[in-house]
Each structure stands twice: as structure tokens, then as C-alpha cells.
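**Q** Quick one, start.csv (CSV, C-alpha atoms):
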chain,number,residue,atom,x,y,z
Y,1163,MET,CA,-34.6,-27.6,-6.8
Y,1164,ALA,CA,-34.3,-30.7,-9.0
Y,1165,ASN,CA,-31.1,-31.6,-10.5
Y,1166,ASN,CA,-31.6,-31.5,-14.2
Y,1167,SER,CA,-28.0,-32.1,-15.2
Y,1168,ALA,CA,-29.2,-34.8,-17.6
Y,1169,ASP,CA,-31.0,-32.1,-19.6
Y,1170,LEU,CA,-27.9,-29.8,-19.9
Y,1171,PRO,CA,-26.3,-29.6,-23.3
Y,1172,VAL,CA,-23.1,-31.5,-23.6
Y,1173,ILE,CA,-20.2,-29.3,-24.9
Y,1174,ASP,CA,-17.4,-31.0,-26.7
Y,1175,THR,CA,-14.4,-29.2,-25.2
Y,1176,SER,CA,-12.0,-31.1,-27.3
Y,1177,VAL,CA,-13.0,-29.0,-30.3
Y,1178,PRO,CA,-11.8,-25.4,-30.2
Y,1179,ARG,CA,-14.4,-22.7,-30.9
Y,1180,ALA,CA,-14.0,-19.3,-32.5
Y,1181,GLY,CA,-12.3,-17.0,-30.0
Y,1182,ASP,CA,-10.6,-19.9,-28.2
Y,1183,VAL,CA,-6.9,-19.6,-27.5
Y,1184,SER,CA,-5.0,-22.1,-29.4
Y,1185,ASP,CA,-2.7,-24.2,-27.3
Y,1186,LEU,CA,0.0,-23.9,-29.9
Y,1187,THR,CA,-0.2,-20.1,-29.9
Y,1188,THR,CA,0.9,-20.2,-26.2
Y,1189,GLU,CA,3.7,-22.5,-27.2
Y,1190,MET,CA,5.3,-19.8,-29.3
Y,1191,ALA,CA,6.5,-17.8,-26.3
Y,1192,SER,CA,10.0,-18.2,-25.1
Y,1193,ALA,CA,11.2,-17.5,-21.5
Y,1194,ALA,CA,12.7,-14.3,-22.8
Y,1195,ASP,CA,9.2,-13.2,-24.0
Y,1196,TYR,CA,7.8,-13.6,-20.5
Y,1197,PHE,CA,10.8,-11.7,-19.1
Y,1198,GLU,CA,10.1,-8.9,-21.6
Y,1199,LEU,CA,6.5,-8.7,-20.2
Y,1200,LEU,CA,8.1,-7.5,-16.9
Y,1201,LYS,CA,9.5,-4.4,-18.6
Y,1202,PRO,CA,13.1,-5.0,-17.6
Y,1203,ARG,CA,14.3,-1.5,-18.3
Y,1204,VAL,CA,11.7,0.0,-16.0
Y,1205,MET,CA,12.4,-2.8,-13.5
Y,1206,SER,CA,16.1,-1.8,-13.4
Y,1207,LEU,CA,15.2,1.7,-12.3
Y,1208,VAL,CA,12.8,0.3,-9.7
Y,1209,VAL,CA,15.5,-2.1,-8.4
Y,1210,PHE,CA,18.0,0.7,-8.2
Y,1211,THR,CA,15.8,3.2,-6.4
Y,1212,THR,CA,14.6,0.5,-4.1
Y,1213,LEU,CA,18.1,-0.5,-3.3
Y,1214,ILE,CA,19.0,3.2,-2.5
Y,1215,GLY,CA,16.0,3.3,-0.2
Y,1216,MET,CA,17.2,0.2,1.6
Y,1217,ILE,CA,20.8,1.4,1.9
Y,1218,MET,CA,19.8,4.8,3.3
Y,1219,ALA,CA,17.4,3.3,5.8
Y,1220,PRO,CA,18.9,3.3,9.3
Y,1221,SER,CA,20.4,0.0,10.2
Y,1222,GLY,CA,21.2,0.4,13.9
Y,1223,ALA,CA,19.1,0.2,17.0
Y,1224,GLY,CA,16.4,-2.2,15.9
Y,1225,GLY,CA,16.5,-1.2,12.3
Y,1226,GLY,CA,18.2,-3.2,9.6
Y,1227,VAL,CA,17.6,-6.7,8.2
Y,1228,HIS,CA,19.7,-9.7,7.5
Y,1229,PRO,CA,21.3,-9.6,4.0
Y,1230,VAL,CA,19.3,-12.6,2.9
Y,1231,ILE,CA,16.1,-10.9,3.9
Y,1232,ALA,CA,17.2,-7.7,2.2
Y,1233,PHE,CA,18.0,-9.6,-1.1
Y,1234,THR,CA,14.6,-11.3,-0.9
Y,1235,ALA,CA,12.8,-8.0,-0.4
Y,1236,LEU,CA,14.6,-6.5,-3.4
Y,1237,LEU,CA,13.8,-9.5,-5.5
Y,1238,LEU,CA,10.1,-9.5,-4.5
Y,1239,ILE,CA,9.8,-5.7,-5.0
Y,1240,ALA,CA,11.3,-6.1,-8.5
Y,1241,LEU,CA,8.9,-9.0,-9.3
Y,1242,GLY,CA,6.0,-6.9,-8.1
Y,1243,ALA,CA,7.1,-4.0,-10.3
Y,1244,GLY,CA,7.4,-6.5,-13.2
Y,1245,ALA,CA,4.0,-7.8,-12.5
Y,1246,SER,CA,2.5,-4.4,-12.9
Y,1247,GLY,CA,4.3,-4.1,-16.2
Y,1248,ALA,CA,2.8,-7.3,-17.4
Y,1249,LEU,CA,-0.7,-6.1,-16.4
Y,1250,ASN,CA,0.0,-2.9,-18.2
Y,1251,MET,CA,0.9,-4.8,-21.4
Y,1252,TRP,CA,-2.2,-7.0,-21.0
Y,1253,TYR,CA,-4.5,-4.0,-20.9
Y,1254,ASP,CA,-2.7,-1.8,-23.4
Y,1255,ALA,CA,-2.2,-4.6,-26.0
Y,1256,ASP,CA,-4.7,-2.9,-28.4
Y,1257,ILE,CA,-2.8,0.5,-28.5
Y,1258,ASP,CA,0.6,-1.1,-28.3
Y,1259,ALA,CA,-0.2,-2.8,-31.6
Y,1260,ASN,CA,-0.7,0.6,-33.3
Y,1261,MET,CA,2.4,2.3,-31.9
Y,1262,GLU,CA,5.8,2.2,-33.5
Y,1263,ARG,CA,7.6,2.1,-30.1
Y,1264,THR,CA,5.5,-0.8,-28.7
Y,1265,ARG,CA,4.3,-3.0,-31.6
Y,1266,THR,CA,7.1,-5.5,-31.2
Y,1267,ARG,CA,6.1,-6.2,-27.5
Y,1268,PRO,CA,5.2,-9.9,-26.8
Y,1269,ILE,CA,1.4,-9.5,-27.0
Y,1270,PRO,CA,0.9,-7.3,-30.1
Y,1271,SER,CA,3.5,-9.4,-32.0
Y,1272,GLY,CA,1.5,-12.6,-31.2
Y,1273,ARG,CA,4.2,-14.3,-29.1
Y,1274,ILE,CA,2.2,-14.3,-25.9
Y,1275,THR,CA,-1.6,-14.3,-25.6
Y,1276,LYS,CA,-3.4,-11.6,-23.5
Y,1277,GLU,CA,-4.8,-14.4,-21.2
Y,1278,SER,CA,-1.3,-15.7,-20.5
Y,1279,ALA,CA,0.0,-12.2,-19.7
Y,1280,LEU,CA,-2.9,-11.5,-17.4
Y,1281,GLY,CA,-2.4,-14.8,-15.5
Y,1282,PHE,CA,1.3,-14.1,-15.3
Y,1283,GLY,CA,0.9,-10.6,-14.0
Y,1284,LEU,CA,-1.8,-11.6,-11.4
Y,1285,THR,CA,0.2,-14.6,-10.2
Y,1286,LEU,CA,3.4,-12.5,-9.8
Y,1287,SER,CA,1.4,-9.7,-8.1
Y,1288,ALA,CA,-0.2,-12.0,-5.5
Y,1289,GLY,CA,3.0,-14.0,-5.0
Y,1290,SER,CA,5.3,-11.0,-4.5
Y,1291,PHE,CA,2.8,-9.4,-2.1
Y,1292,MET,CA,2.3,-12.5,0.0
Y,1293,CYS,CA,6.0,-13.4,0.2
Y,1294,LEU,CA,7.0,-9.9,1.0
Y,1295,GLY,CA,4.5,-9.8,3.8
Y,1296,VAL,CA,5.5,-13.2,5.3
Y,1297,PHE,CA,9.2,-12.9,4.8
Y,1298,VAL,CA,9.8,-9.2,5.4
Y,1299,ASN,CA,7.0,-7.1,6.8
Y,1300,TRP,CA,3.4,-6.2,6.0
Y,1301,LEU,CA,3.9,-2.5,5.7
Y,1302,SER,CA,6.3,-2.9,2.7
Y,1303,ALA,CA,4.0,-5.6,1.3
Y,1304,GLY,CA,1.0,-3.3,1.6
Y,1305,LEU,CA,2.9,-0.4,-0.1
Y,1306,LEU,CA,4.0,-2.8,-2.9
Y,1307,ALA,CA,0.4,-4.0,-3.4
Y,1308,PHE,CA,-0.8,-0.3,-3.5
Y,1309,THR,CA,2.0,0.4,-6.1
Y,1310,ILE,CA,0.9,-2.4,-8.3
Y,1311,PHE,CA,-2.8,-1.4,-8.0
Y,1312,PHE,CA,-1.9,2.2,-8.7
Y,1313,TYR,CA,0.1,1.4,-11.9
Y,1314,ALA,CA,-2.2,-1.3,-13.3
Y,1315,VAL,CA,-5.6,0.0,-12.3
Y,1316,ILE,CA,-5.4,3.8,-11.5
Y,1317,TYR,CA,-2.9,4.7,-14.3
Y,1318,THR,CA,-3.2,2.0,-17.0
Y,1319,ILE,CA,-7.0,1.2,-16.9
Y,1320,TRP,CA,-8.3,4.6,-15.7
Y,1321,LEU,CA,-6.1,7.7,-16.2
Y,1322,LYS,CA,-4.0,6.9,-19.3
Y,1323,ARG,CA,-7.0,7.0,-21.7
Y,1324,TYR,CA,-9.0,9.6,-19.7
Y,1325,THR,CA,-6.9,12.7,-18.8
Y,1326,ALA,CA,-3.8,14.6,-19.8
Y,1327,GLN,CA,-2.8,14.5,-16.2
Y,1328,ASN,CA,-2.3,10.7,-16.6
Y,1329,ILE,CA,1.4,10.7,-16.3
Y,1330,VAL,CA,1.5,13.3,-13.5
Y,1331,ILE,CA,-0.8,11.3,-11.2
Y,1332,GLY,CA,0.3,7.9,-12.5
Y,1333,GLY,CA,3.9,8.9,-11.8
Y,1334,ALA,CA,3.3,8.1,-8.1
Y,1335,ALA,CA,3.5,4.4,-9.0
Y,1336,GLY,CA,7.1,4.8,-10.1
Y,1337,ALA,CA,7.9,6.9,-7.1
Y,1338,PHE,CA,7.0,4.4,-4.5
Y,1339,PRO,CA,10.0,1.9,-4.8
Y,1340,PRO,CA,12.4,3.7,-2.5
Y,1341,VAL,CA,9.6,4.1,0.1
Y,1342,VAL,CA,8.9,0.3,-0.2
Y,1343,GLY,CA,12.6,-0.4,0.2
Y,1344,TRP,CA,12.9,1.8,3.2
Y,1345,ALA,CA,9.8,0.2,4.8
Y,1346,ALA,CA,11.2,-3.3,4.1
Y,1347,VAL,CA,14.3,-2.4,6.2
Y,1348,THR,CA,12.8,-0.3,9.0
Y,1349,GLY,CA,9.1,-1.3,9.1
Y,1350,SER,CA,8.3,2.4,9.0
Y,1351,VAL,CA,8.2,5.4,6.6
Y,1352,GLU,CA,10.1,8.6,7.4
Y,1353,THR,CA,10.9,12.0,5.8
Y,1354,LEU,CA,13.9,10.9,3.6
Y,1355,PRO,CA,12.0,8.2,1.6
Y,1356,VAL,CA,9.1,10.7,1.2
Y,1357,LEU,CA,11.6,13.2,-0.3
Y,1358,MET,CA,12.9,10.4,-2.6
Y,1359,PHE,CA,9.2,9.8,-3.6
Y,1360,ALA,CA,8.7,13.5,-4.3
Y,1361,ILE,CA,11.9,13.7,-6.5
Y,1362,ILE,CA,10.8,10.8,-8.7
Y,1363,PHE,CA,7.2,12.1,-8.7
Y,1364,PHE,CA,8.2,15.5,-10.1
Y,1365,TRP,CA,10.9,14.0,-12.3
Y,1366,THR,CA,8.3,11.8,-14.2
Y,1367,PRO,CA,6.4,14.5,-16.1
Y,1368,PRO,CA,9.5,16.1,-17.7
Y,1369,HIS,CA,11.0,12.7,-18.4
Y,1370,PHE,CA,7.9,11.2,-20.0
Y,1371,TRP,CA,6.6,14.3,-21.8
Y,1372,ALA,CA,10.1,14.7,-23.5
Y,1373,LEU,CA,9.4,11.3,-25.0
Y,1374,ALA,CA,5.8,12.1,-25.7
Y,1375,LEU,CA,6.8,15.2,-27.7
Y,1376,LEU,CA,8.9,12.9,-29.9
Y,1377,LYS,CA,6.1,10.2,-30.2
Y,1378,ASN,CA,3.2,12.7,-30.3
Y,1379,ARG,CA,1.8,11.3,-33.6
Y,1380,ASP,CA,1.5,7.8,-32.1
Y,1381,TYR,CA,-0.4,9.1,-29.1
Y,1382,THR,CA,-2.7,11.3,-31.2
Y,1383,GLU,CA,-3.6,8.6,-33.6
Y,1384,ASN,CA,-4.5,6.2,-30.8
Y,1385,ASN,CA,-6.5,8.9,-28.9
Y,1386,ILE,CA,-4.2,8.7,-25.8
Y,1387,PRO,CA,-4.6,12.1,-24.1
Y,1388,MET,CA,-0.8,12.7,-23.5
Y,1389,MET,CA,-0.1,16.3,-22.7
Y,1390,PRO,CA,1.5,17.3,-26.1
Y,1391,ALA,CA,-1.5,15.8,-27.9
Y,1392,VAL,CA,-4.0,17.7,-25.7
Y,1393,ALA,CA,-2.3,21.0,-24.8
Y,1394,GLY,CA,0.2,21.3,-27.7
Y,1395,SER,CA,3.9,21.4,-27.8
Y,1396,LYS,CA,4.5,24.9,-26.4
Y,1397,ASN,CA,2.3,24.4,-23.4
Y,1398,THR,CA,3.9,21.0,-22.7
Y,1399,ARG,CA,7.4,22.5,-22.9
Y,1400,ILE,CA,6.3,25.2,-20.4
Y,1401,GLN,CA,5.1,22.5,-18.0
Y,1402,ILE,CA,8.2,20.5,-18.5
Y,1403,PHE,CA,10.3,23.5,-17.4
Y,1404,ALA,CA,8.0,24.1,-14.4
Y,1405,TYR,CA,8.1,20.5,-13.2
Y,1406,ALA,CA,11.9,20.5,-13.7
Y,1407,LEU,CA,12.2,23.5,-11.3
Y,1408,ILE,CA,10.0,21.9,-8.7
Y,1409,MET,CA,12.0,18.6,-9.0
Y,1410,ALA,CA,15.2,20.6,-8.6
Y,1411,ILE,CA,13.9,22.1,-5.3
Y,1412,PHE,CA,12.9,18.6,-4.0
Y,1413,ALA,CA,16.3,17.2,-5.1
Y,1414,ALA,CA,18.0,19.9,-2.9
Y,1415,LEU,CA,15.8,19.3,0.1
Y,1416,PRO,CA,17.6,16.2,1.5
Y,1417,ALA,CA,20.7,18.4,1.9
Y,1418,LEU,CA,18.9,21.5,3.2
Y,1419,LEU,CA,17.0,19.4,5.8
Y,1420,GLY,CA,20.2,17.7,7.0
Y,1421,TYR,CA,19.5,14.2,5.6
Y,1422,ALA,CA,22.5,14.5,3.3
Y,1423,GLY,CA,25.9,16.3,3.4
Y,1424,LEU,CA,27.9,18.7,1.4
Y,1425,PHE,CA,28.9,16.2,-1.3
Y,1426,TYR,CA,25.2,15.5,-2.1
Y,1427,ALA,CA,24.4,19.2,-2.0
Y,1428,LEU,CA,27.0,20.1,-4.6
Y,1429,PHE,CA,26.4,16.9,-6.7
Y,1430,SER,CA,22.6,17.3,-6.8
Y,1431,THR,CA,22.9,21.0,-7.5
Y,1432,ALA,CA,25.1,20.4,-10.5
Y,1433,LEU,CA,22.9,17.6,-11.9
Y,1434,SER,CA,19.7,19.6,-11.3
Y,1435,THR,CA,21.1,22.8,-12.8
Y,1436,LEU,CA,21.9,20.9,-16.1
Y,1437,PHE,CA,18.4,19.3,-16.0
Y,1438,VAL,CA,16.7,22.7,-15.6
Y,1439,ALA,CA,19.0,24.2,-18.3
Y,1440,MET,CA,18.1,21.5,-20.8
Y,1441,SER,CA,14.4,21.9,-20.0
Y,1442,PHE,CA,14.8,25.7,-20.6
Y,1443,TRP,CA,16.6,25.0,-23.9
Y,1444,LEU,CA,13.7,22.7,-25.0
Y,1445,LEU,CA,11.3,25.6,-24.1
Y,1446,ILE,CA,13.1,28.2,-26.2
Y,1447,ALA,CA,14.6,26.0,-28.9
Y,1448,PRO,CA,13.6,26.9,-32.5
Y,1449,ASP,CA,11.2,24.5,-34.2
Y,1450,GLU,CA,13.9,22.6,-36.1
Y,1451,ARG,CA,15.9,22.0,-32.9
Y,1452,GLN,CA,13.1,20.9,-30.6
Y,1453,ALA,CA,13.2,17.2,-31.5
Y,1454,ALA,CA,16.9,17.1,-30.7
Y,1455,ALA,CA,16.4,19.0,-27.5
Y,1456,ALA,CA,13.5,16.7,-26.4
Y,1457,LYS,CA,15.6,13.6,-27.2
Y,1458,ALA,CA,18.6,14.9,-25.3
Y,1459,LEU,CA,16.4,15.8,-22.3
Y,1460,PHE,CA,14.8,12.3,-22.3
Y,1461,ALA,CA,18.2,10.6,-22.4
Y,1462,TYR,CA,19.7,12.9,-19.7
Y,1463,SER,CA,16.6,12.5,-17.4
Y,1464,ILE,CA,17.3,8.7,-17.1
Y,1465,PHE,CA,21.0,9.4,-16.4
Y,1466,TYR,CA,20.0,12.1,-13.9
Y,1467,LEU,CA,17.9,9.9,-11.8
Y,1468,PHE,CA,20.5,7.1,-11.6
Y,1469,LEU,CA,23.2,9.6,-10.7
Y,1470,LEU,CA,21.1,11.6,-8.2
Y,1471,PHE,CA,20.1,8.5,-6.3
Y,1472,ALA,CA,23.7,7.1,-6.4
Y,1473,GLY,CA,24.6,10.4,-4.8
Y,1474,PHE,CA,22.8,9.4,-1.6
Y,1475,PRO,CA,25.0,6.4,-0.6
Y,1476,ALA,CA,28.1,8.1,-2.1
Y,1477,ASP,CA,27.5,11.0,0.3
Y,1478,LYS,CA,27.0,8.6,3.2
Y,1479,LEU,CA,30.3,6.9,2.2
Y,1480,ILE,CA,32.3,10.1,1.8
Y,1481,GLY,CA,30.7,11.6,4.9
Y,1482,ILE,CA,31.2,15.3,4.3
B,389,MET,CA,-9.1,-36.0,-33.0
B,390,ARG,CA,-8.6,-32.4,-32.2
B,391,GLU,CA,-9.1,-29.9,-35.0
B,392,GLU,CA,-6.7,-27.1,-35.7
B,393,PHE,CA,-7.6,-23.5,-36.5
B,394,GLU,CA,-6.5,-22.1,-39.8
B,395,GLY,CA,-3.5,-20.0,-39.5
B,396,THR,CA,-2.3,-21.4,-36.1
B,397,PRO,CA,1.1,-22.9,-36.1
B,398,GLU,CA,1.6,-26.6,-36.1
B,399,TRP,CA,3.9,-28.5,-33.8
B,400,ASN,CA,7.4,-28.4,-35.2
B,401,ASP,CA,10.9,-28.8,-33.9
B,402,GLU,CA,11.2,-25.1,-33.1
B,403,LEU,CA,8.1,-25.0,-30.9
B,404,LEU,CA,9.2,-28.2,-29.1
B,405,THR,CA,12.6,-26.6,-28.5
B,406,ARG,CA,11.0,-23.5,-27.1
B,407,ARG,CA,8.8,-25.6,-24.8
B,408,ARG,CA,11.8,-27.5,-23.6
B,409,LYS,CA,13.7,-24.3,-22.9
B,410,ARG,CA,10.7,-22.7,-21.1
B,411,ALA,CA,10.4,-25.8,-18.9
B,412,ALA,CA,14.1,-25.7,-18.1
B,413,VAL,CA,14.0,-22.0,-17.2
B,414,MET,CA,10.9,-22.7,-15.0
B,415,GLY,CA,12.7,-25.5,-13.3
B,416,TRP,CA,15.7,-23.3,-12.5
B,417,VAL,CA,13.5,-20.5,-11.3
B,418,LEU,CA,11.6,-22.9,-9.0
B,419,ALA,CA,14.8,-24.4,-7.7
B,420,GLY,CA,16.1,-20.9,-7.0
B,421,PHE,CA,12.9,-20.1,-5.0
B,422,VAL,CA,13.2,-23.4,-3.1
B,423,VAL,CA,16.8,-22.4,-2.0
B,424,LEU,CA,15.7,-18.8,-1.2
B,425,PHE,CA,12.7,-20.0,0.9
B,426,PHE,CA,15.0,-22.4,2.8
B,427,LEU,CA,17.5,-19.6,3.5
B,428,VAL,CA,14.9,-17.2,4.6
B,429,THR,CA,13.4,-19.8,6.9
B,430,VAL,CA,16.8,-20.4,8.5
B,431,VAL,CA,17.4,-16.7,8.9
B,432,LYS,CA,14.0,-16.0,10.3
B,433,LEU,CA,14.3,-18.9,12.8
B,434,GLY,CA,17.8,-17.7,13.7
B,435,SER,CA,19.1,-18.5,17.1
B,436,ASN,CA,15.5,-19.2,18.3
B,437,ILE,CA,16.0,-22.7,17.1
B,438,VAL,CA,18.2,-23.5,20.0
B,439,GLN,CA,16.1,-21.7,22.5
B,440,ARG,CA,12.9,-23.7,22.1
B,441,PRO,CA,11.6,-25.7,25.0
B,442,LEU,CA,12.7,-29.3,24.9
For the structure just supplied, provide its representation as C-alpha cells.
**A**
Amino acid sequence: MANNSADLPVIDTSVPRAGDVSDLTTEMASAADYFELLKPRVMSLVVFTTLIGMIMAPSGAGGGVHPVIAFTALLLIALGAGASGALNMWYDADIDANMERTRTRPIPSGRITKESALGFGLTLSAGSFMCLGVFVNWLSAGLLAFTIFFYAVIYTIWLKRYTAQNIVIGGAAGAFPPVVGWAAVTGSVETLPVLMFAIIFFWTPPHFWALALLKNRDYTENNIPMMPAVAGSKNTRIQIFAYALIMAIFAALPALLGYAGLFYALFSTALSTLFVAMSFWLLIAPDERQAAAAKALFAYSIFYLFLLFAGFPADKLIGI
Amino acid sequence: MREEFEGTPEWNDELLTRRRKRAAVMGWVLAGFVVLFFLVTVVKLGSNIVQRPL
């Protein structure tokens, strides 16, 4: 085929066209704005549960890693989780702009362009996966890649706007970190990290639906099929209570199966009992008290997960 | 000369300061990764470095 490059129209790229991203728009972002794209509060929970997975992994007889490698793994897993947060903000920028809770995020507020967020998220995703594979092991890298894919594609792009079960299935993404942490240390996956996965997996619906009950108007107006918007308040509160019960059973299993001792058994029972009691109060609370009950459950759920996971190494340390 | 869109910000001291700060943060992050990669390399090599055939 003849080369007709001489006939091609010449495009003057020095002149911006409608829809182009202005260079100056990208200059408005500060380093803190890029850090905000990583969803630091979610990342702190990821770092914590990953760390617990790493601490609880057996360190003797072939297991265990050098502290520098462990720190590197933790940093890369945190960056991978942050990357999925950036991809989530890239895709959800349209609905974030219409919701009270999210409209001040870097993209809807105009501090970072969607293109920059996408590039940032993809670069961090690829970088964290590759470095974790090369520096630590490919099982943990593969699990991290799957976690990022699950949160960014399966949850954000597909499920979130499609089904009321979005947060139930999507919750798996948030449940993977202790498994990834365990795999980084041992190169394998065993029962305890799977139980940790199950605890976070069944914790996610009551945690998130308590928030969704409070922000139901935002989700309804943006056609996001969160459970309260689809099934109503009463039905959601019944499901919150049901998931809280299942979560409490899984929280007790590490002790019942011999992976944790008496301290964990008593500690987790106390924490879970309060969680179930607060879910029950939300279920039966009169209309005027439901918002307060949902707010209290949401706040306690975060506290619960931190304390429950802290209970694993505490039990190991106490040794009873 | 490059044209500017209506409504887009123009270069000013604040934007230049932000760019300088971003560049500084990026520099520190890159330097941190250089140190980390060096340490990881040393750890991964470990005692193998003295066991190589001469």
C-alpha cells in the first residue's frame, strides 16, 4: 500500500480543542490531592488487616520473611489498595459529584482530572503488582492483582450500579488484605486467613448498609441500587441483623477451631455480642431513633473490626 | 502562541508553588523507592553474595 502521508491532514496540536484537558487544570492538584485519591481511611484498615495477617502467619520452619521484605510487602499492598481507590474515584466521578458525602473529592471538585486519576491508578496497580511479585512472591502479587480487579472492575464498574447485592459481593475486595499479607509471608493460604477473610466479608454489609441507611437519599437520587433504596429500611435492617449474626459466628470460629486461645474467645465474644445487640436495636428502634442507631452501629463497626483483629496478636502475645 | 480556554486558570504564584511542592514530594518518594529497592536487593542477595563462584 502506498504511503499517502503527504495527503493526511495536518493537525495543529499546539491549539487545544473542545474536550481537551487543559495543562493548567492538572497543575491545580497538590500532592495531598493525589494522596486523597488513594482513600487513606480505607487504606488504613487495609494496612492494619494486612499487618495482622502477616503477624499471625507462621514464621518458623521455612516461613517468615526478613523485616525489610515484610515492610516492602505491606507498603506495596497498601499502594495496591490505594490504586483501586483511585480507579474507583475515576469511574464514579459522575455520581460522586452529586453526593453530599463525596462531592469534595479531588475529581468532582476539579482539582484532579479524570485522566490523571486513571493514569495514577493504573500505574500504581501495575507497579504494586510487579514489585510484590519480584520482591516477595507471585502468589501474594496474584491475590493483590485480583483484589484490585475485583474492587475496580467487578464492584465499581459492574455491580455497584447493577444490583442491590453490590456491597455483599464487592465486600470480598476488602476482605482479601489479610489473605494477601499471610501469602506474602508464607507463600501459601491456610484456614486462619480464610476465616479472617470471612469475618471481613460478613462484616461489610452491616457496616456499609448502616451508612447507606443514613445516606439513602443520595443513593436513591443517583440511581445507585443500595439495599435501603431497593428493599426499604425495614428489610435492610433485618439483613443487617442476619449478617451480624453470621459475622459473629465466623468471629468465634478461630477460637473454636484452635487457631486462637481463651483471650481471643472471650474478647471476640464480648465485641460480637455488642455488635449483634446494636444491630438488633437498629432493627427494633422506633422511627425517630433509627438514624441515631444506624450512626452508632456504623461508628462501632469500624471500632469492632480494628479491635477484633488486634485481638489475634494480643492473644498470641498473652498465650492463654 | 498557545490559546487558553475560557474559565481555565492562568499561571500564577499559587499554581507555581503547587507544582514545585508536587515535584519535591515526587522527588522524595522516588528517593525513598531507590533506598527501598537497594535494601530489598541486598536482603534478597543475602549471604549468597559471598558464595558465588569466583
**Q** Using only C-alpha atoms, can you tell me which of Y:Gly1332, Y:Gly1420, Y:Pro1448, Y:Pro1220 comes closest to Y:Val1351?
**A**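 Closest residue, counting only C-alpha atoms: Y:Pro1220.
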**Q** Tell me which of Y:Val1298, Y:Ser1278, Y:Leu1200, Y:Met1261 sits closest to chain B, counting all atoms listed in the file.
**A**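 Selected residue with least distance to chain B: Y:Val1298.
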**Q** Contacts of stretch 431-436 of chain B at 10 Å or less, counting all atoms listed in the file, minus same-chain residues fewer than 4 places along, as a PDB file with C-alpha atoms, keeping the file's coordinate frame?
**A**
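This went into out_26.pdb:
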ATOM      1  CA  HIS Y1228      19.700  -9.700   7.500  1.00  0.00           C
ATOM      2  CA  PRO Y1229      21.300  -9.600   4.000  1.00  0.00           C
ATOM      3  CA  VAL Y1230      19.300 -12.600   2.900  1.00  0.00           C
ATOM      4  CA  ILE Y1231      16.100 -10.900   3.900  1.00  0.00           C
ATOM      5  CA  PHE Y1297       9.200 -12.900   4.800  1.00  0.00           C
ATOM      6  CA  VAL Y1298       9.800  -9.200   5.400  1.00  0.00           C
TER       7      VAL Y1298
ATOM      8  CA  PHE B 425      12.700 -20.000   0.900  1.00  0.00           C
ATOM      9  CA  PHE B 426      15.000 -22.400   2.800  1.00  0.00           C
ATOM     10  CA  LEU B 427      17.500 -19.600   3.500  1.00  0.00           C
ATOM     11  CA  ARG B 440      12.900 -23.700  22.100  1.00  0.00           C
TER      12      ARG B 440
END
**Q** State, in Å with one decimal place, the distance from atom CA of B:Arg406 to atom CA of Y:Ile1274.
**A**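 For atom CA of B:Arg406 relative to atom CA of Y:Ile1274, the distance reads 12.8 Å.
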**Q** Pick out the residues sitting within 8 Å of stretch 1389-1393 of chain Y, and hand them over as a VMD selection string; count all atoms listed in the file, and ignore anything fewer than 6 positions along from it in its own chain.
**A** chain Y and resid 1326 to 1327 1371 1374 to 1375 1378 to 1379 1381 to 1382
**Q** Interatomic distance between atom CA of Y:Pro1268 and atom CA of B:Ala412?
**A** 20.1 Å
**Q** With only C-alpha atoms as the basis for distance, which of Y:Glu1198, Y:Leu1470, Y:Ala1255, Y:Cys1293 is at the shortest distance from chain B?
**A** Y:Cys1293
**Q** Measuring between only C-alpha atoms, which one of Y:Ala1410, Y:Ile1217, Y:Ile1386, Y:Val1315 shows the shortest distance to Y:Leu1357?
**A** Y:Ala1410
**Q** By how many Å are atom CA of Y:Ile1319 and atom CA of Y:Met1251 apart?
**A**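 Rounded to one decimal, the two atoms are 10.9 Å apart.
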**Q** Find the residues near Y:Phe1429: any atom within 8 Å, counting only C-alpha atoms, skip ones fewer than 4 places away on the same chain, and give them as a list in words.
**A**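 My reading of the contact set: Phe1425, Leu1433, Leu1470 and Gly1473 of chain Y.
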**Q** Distance cut-off 7 Å, centre (13.7, 17.2, -23.3) in file coordinates, counting only C-alpha atoms: which residues qualify? Return them as an MDAnalysis selection string.
**A** chainID Y and resid 1372 1440:1441 1444 1455:1460
**Q** Leaving out B:Val413 and any residue of its chain fewer than 4 positions from it, which residues lie within 7 Å of it when counting only C-alpha atoms, given as a list in words?
**A**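 Non-adjacent residues within range: Ala1193 of chain Y; Lys409 and Val417 of chain B.
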**Q** Would you list the residues near (-3.2, -13.4, -20.8), meaning any protein, DNA or RNA residue with an atom at most 10 Å from that point in file coordinates, counting all atoms listed in the file, as a list in words?
**A**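 Residues close enough to count: Val1183, Thr1188, Ala1248, Leu1249, Met1251, Trp1252, Tyr1253, Ile1269, Ile1274, Thr1275, Lys1276, Glu1277, Ser1278, Ala1279, Leu1280, Gly1281, Phe1282, Gly1283 and Leu1284 of chain Y.
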